[in-house]
Every structure is written in structure tokens, then in C-alpha cells.
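**Q** Following this line is target.cif, made up of mmCIF, C-alpha atoms:
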data_input
loop_
_atom_site.label_atom_id
_atom_site.label_comp_id
_atom_site.auth_asym_id
_atom_site.auth_seq_id
_atom_site.Cartn_x
_atom_site.Cartn_y
_atom_site.Cartn_z
CA MET A 192 0.00 0.00 0.00
CA GLN A 193 1.31 3.44 -0.92
CA ASP A 194 2.10 5.87 1.89
CA PRO A 195 -0.65 8.55 1.88
CA GLY A 196 1.88 11.23 2.83
CA VAL A 197 2.34 13.89 5.46
CA PHE A 198 1.17 17.49 5.03
CA ARG A 199 1.48 20.87 6.70
CA ALA A 200 -2.02 22.27 7.20
CA PRO A 201 -1.58 25.77 8.67
CA LEU A 202 -5.35 26.47 8.72
CA ARG A 203 -4.30 30.05 8.17
CA SER A 204 -6.07 32.48 5.89
CA ARG A 205 -4.22 34.56 3.35
CA ARG A 206 -6.30 37.45 4.73
CA ASP A 207 -4.54 39.32 7.53
CA ASP A 208 -7.84 40.20 9.26
CA VAL A 209 -8.58 36.56 10.16
CA ASP A 210 -7.67 35.37 13.66
CA HIS A 211 -5.38 32.40 13.06
CA ALA A 212 -5.82 30.93 16.56
CA LEU A 213 -9.62 30.98 16.19
CA ALA A 214 -9.36 29.27 12.81
CA VAL A 215 -7.24 26.46 14.30
CA ASP A 216 -9.63 26.08 17.24
CA HIS A 217 -12.59 25.98 14.82
CA ALA A 218 -11.01 23.18 12.77
CA LEU A 219 -9.97 21.14 15.80
CA THR A 220 -13.40 21.48 17.42
CA LEU A 221 -15.31 20.47 14.28
CA GLY A 222 -12.91 17.72 13.22
CA ILE A 223 -12.05 19.30 9.90
CA CYS A 224 -9.00 20.40 7.97
CA GLY A 225 -9.45 23.33 5.62
CA VAL A 226 -8.14 25.95 3.26
CA GLY A 227 -9.34 29.41 2.35
CA GLY A 228 -11.12 30.91 -0.60
CA VAL A 229 -14.61 32.07 0.33
CA LEU A 230 -16.98 32.06 -2.65
CA GLY A 231 -20.18 34.01 -3.26
CA GLN A 232 -22.24 30.85 -3.52
CA ARG A 233 -21.83 27.20 -2.64
CA PRO A 234 -20.24 25.25 -5.49
CA ALA A 235 -22.06 22.03 -6.40
CA THR A 236 -18.85 20.10 -7.12
CA LEU A 237 -15.13 20.36 -6.65
CA ALA A 238 -14.82 21.14 -10.37
CA ASP A 239 -17.21 24.08 -9.90
CA ALA A 240 -15.21 25.22 -6.87
CA LEU A 241 -11.95 25.13 -8.81
CA VAL A 242 -13.44 27.28 -11.59
CA ALA A 243 -14.90 29.74 -9.07
CA VAL A 244 -11.68 29.95 -7.02
CA ASP A 245 -9.66 30.50 -10.20
CA ALA A 246 -12.00 33.35 -11.21
CA ALA A 247 -12.00 34.95 -7.75
CA TYR A 248 -8.42 34.36 -6.56
CA GLY A 249 -6.36 33.16 -9.52
CA GLU A 250 -4.90 29.96 -10.88
CA ARG A 251 -2.33 29.49 -8.09
CA VAL A 252 -5.02 29.45 -5.39
CA ALA A 253 -7.14 27.07 -7.47
CA ARG A 254 -4.17 24.71 -7.81
CA ARG A 255 -3.66 24.82 -4.03
CA LEU A 256 -7.29 23.85 -3.51
CA GLU A 257 -6.92 21.04 -6.04
CA ARG A 258 -3.86 19.67 -4.17
CA PHE A 259 -5.73 19.86 -0.86
CA ALA A 260 -8.73 18.00 -2.27
CA ALA A 261 -6.48 15.39 -3.94
CA ALA A 262 -4.54 14.45 -0.78
CA PRO A 263 -5.48 10.86 -0.03
CA ASP A 264 -7.64 9.77 2.85
CA GLU A 265 -5.45 8.71 5.78
CA ALA A 266 -2.85 11.34 4.88
CA GLN A 267 -1.33 12.68 8.07
CA VAL A 268 -1.73 16.44 8.61
CA TRP A 269 -0.08 18.74 11.11
CA THR A 270 -1.16 22.17 12.25
CA ARG A 271 -0.29 24.49 15.08
CA ARG A 272 -1.71 27.40 16.95
CA PRO A 273 0.38 30.59 16.64
CA ALA A 274 3.48 29.99 18.79
CA GLY A 275 1.64 27.10 20.43
CA PRO A 276 1.61 23.34 20.39
CA PHE A 277 1.24 21.22 17.29
CA HIS A 278 -1.78 19.08 16.43
CA ARG A 279 -1.74 15.95 14.33
CA GLY A 280 -4.62 14.45 12.40
CA TRP A 281 -5.59 12.21 9.51
CA LEU A 282 -7.80 13.16 6.58
CA THR A 283 -10.83 10.90 6.62
CA GLY A 284 -13.06 12.02 3.79
CA PRO A 285 -13.58 14.08 0.66
CA TRP A 286 -13.64 17.83 0.01
CA SER A 287 -16.79 19.81 0.70
CA TYR A 288 -17.70 23.48 0.86
CA ASP A 289 -18.70 24.68 4.34
CA VAL A 290 -21.43 27.34 4.16
CA ARG A 291 -21.57 28.08 7.88
CA PRO A 292 -20.96 31.74 8.78
CA ALA A 293 -17.90 30.81 10.88
CA ALA A 294 -16.29 29.16 7.85
CA ALA A 295 -16.59 32.41 5.92
CA THR A 296 -15.46 34.57 8.85
CA LEU A 297 -12.41 32.37 9.45
CA ASP A 298 -11.78 31.83 5.72
CA LEU A 299 -11.87 28.03 5.98
CA PRO A 300 -14.71 27.09 3.63
CA HIS A 301 -12.97 24.30 1.70
CA VAL A 302 -12.86 21.44 4.19
CA ARG A 303 -12.27 17.76 4.64
CA PRO A 304 -13.13 15.62 7.66
CA CYS A 305 -10.10 15.11 9.87
CA ASP A 306 -9.48 12.84 12.85
CA TRP A 307 -7.33 15.03 15.14
CA ASP A 308 -5.35 13.57 18.04
CA PRO A 309 -7.09 14.47 21.31
CA GLU A 310 -3.91 15.91 22.86
CA PRO A 311 -1.53 18.51 21.42
CA TRP A 312 2.13 17.84 20.69
CA GLU A 313 4.94 19.94 22.11
CA GLU A 314 7.59 20.88 19.54
CA HIS A 315 10.28 18.62 21.02
CA ARG A 316 8.04 15.57 20.30
CA VAL A 317 7.22 16.54 16.71
CA PRO A 318 9.25 15.01 13.86
CA ALA A 319 12.05 17.43 12.88
CA SER A 320 10.81 17.78 9.30
CA VAL A 321 7.38 18.90 10.56
CA ALA A 322 8.82 21.48 12.95
CA HIS A 323 11.17 22.75 10.23
CA THR A 324 8.32 23.17 7.75
CA PHE A 325 6.39 25.30 10.23
CA ARG A 326 9.44 27.37 11.19
CA ARG A 327 9.86 28.33 7.53
CA GLY A 328 6.45 29.95 7.75
CA GLY A 329 3.80 30.21 5.09
CA ARG A 330 0.10 29.77 4.79
CA ASN A 331 -0.17 26.97 2.24
CA PHE A 332 -1.27 23.39 2.63
CA GLN A 333 1.81 21.49 1.47
CA ARG A 334 3.38 18.07 1.48
CA ILE A 335 6.20 17.54 3.97
CA ARG A 336 9.02 15.74 2.23
CA ALA A 337 12.01 14.48 4.13
CA ALA A 338 14.04 11.35 3.61
CA THR A 339 14.40 10.97 7.37
CA TYR A 340 10.73 11.48 8.30
CA GLN A 341 9.43 8.70 10.51
CA PRO A 342 5.77 9.36 11.26
CA PRO A 343 4.84 8.57 14.83
CA GLY A 344 1.99 6.10 15.24
CA ARG A 345 -1.56 7.11 16.01
CA SER A 346 -1.12 6.54 19.71
CA GLY A 347 1.50 9.34 19.77
#
Would you mind giving the structure from this file in C-alpha cells?

**A**
Amino acid sequence: MQDPGVFRAPLRSRRDDVDHALAVDHALTLGICGVGGVLGQRPATLADALVAVDAAYGERVARRLERFAAAPDEAQVWTRRPAGPFHRGWLTGPWSYDVRPAAATLDLPHVRPCDWDPEPWEEHRVPASVAHTFRRGGRNFQRIRAATYQPPGRSG
């Protein structure tokens, strides 16, 4: 079986007016992983969402959404509160568009179900490649690639 991969999921809007900590709390509480790109109306399909995101935000943002939606189920994702502990989860389902007001306010409307660990991870326990990826900064969902990455098991 092919390794589903490991991803950085900052859960951070590209908009500076969005509270990053609230966005992370929202995702952890609801059991979702998400990316930004609020649309004027709910897209019926991922293909519709990609067209609408391209029109509203450009091709690069649409490609980011496409990569997020294409990550396989059981892919491991990591996020972190600003200057806080890390959180690890696994994607457990397909893309959908969240129409709840909080999703728009926090700019996390493109979501996937995610099974988050119940307890946070302190940085010294996180694989080095994960910590390094977050230290570099950025707001994009991206694959973590490192020849030395050894993902810890689900029990943590």
C-alpha cells in the first residue's frame, strides 16, 4: 500500500484580518482540515469550486485547492496554533464546501473531515521535518518531504 503522505495544514487564511488561533480552534473542534477561498455561492462540485476559485483568486489558489482536495484519505496532517503546540490528524473524507458563517469569517470554507489527536504535541516531540516546515512559515497546505521522516503512530 502506498504511503498517503504527510502534510502541513496551517489552517491560516491569506487574509490578515482573520484570527489564526480561532481558525485552528474551529477546525480542531469540528474535526475538519481546511483551506481558504470564500466564494459568493456554494459550489455544487469540486470542479465548480476550482473554476470559481480561479476566477476569484487566480490559478495558483485554485491549484492549491486542487492539491488539498487530492490528498489521499489517511494522509497525516499537522497544524499548530500561533506559537503554540502542534496538532496531528488524519484526513478521513472528501472535500466539501462549508457554508456556515464561521467558515466564511475564518476563511476556511474548503474542508475535509479530519481525525485530530485528542492531545496537542509539544515541539520537542514533533518530527524534525514537521517542525522545520512550520518554522519556515507560510500559509499553504503542502506536502512535507524528508528522507528521514518517521511518522509517529496514532497513539502518539

**Q** What is the CA of Ala262 in chain A to CA of Pro285 in chain A distance in Å?

**A** 9.2 Å

**Q** Taking only C-alpha atoms into account, name the residue in A:Val209, A:Ala235, A:Val197, A:Val229 that is nearest to Arg279 in chain A.

**A** A:Val197

**Q** Tell me which of A:Gly196, A:Gly280, A:Gly227, A:Pro201 sits closest to Trp307 in chain A, counting only C-alpha atoms.

**A**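 The shortest atom-to-atom distance to Trp307 in chain A comes from A:Gly280.
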
**Q** Return the single residue from A:Gly222, A:Arg206, A:Ala200, A:Val317 that is closest to Tyr248 in chain A, with distances computed using all atoms listed in the file.

**A** A:Arg206

**Q** From the options A:His315, A:His301, A:Arg272, A:Arg291, which residue's atoms come nearest to Leu213 in chain A, counting only C-alpha atoms?

**A** A:Arg272

**Q** Could you jot down the CA of Ala294 in chain A to CA of Asp210 in chain A separation for me, Å, one decimal place?

**A**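 Going from CA of Ala294 in chain A over to CA of Asp210 in chain A covers 12.1 Å.
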
**Q** State, in Å with one decimal place, the distance from CA of Asp264 in chain A to CA of Pro234 in chain A.

**A**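 For CA of Asp264 in chain A relative to CA of Pro234 in chain A, the distance reads 21.6 Å.
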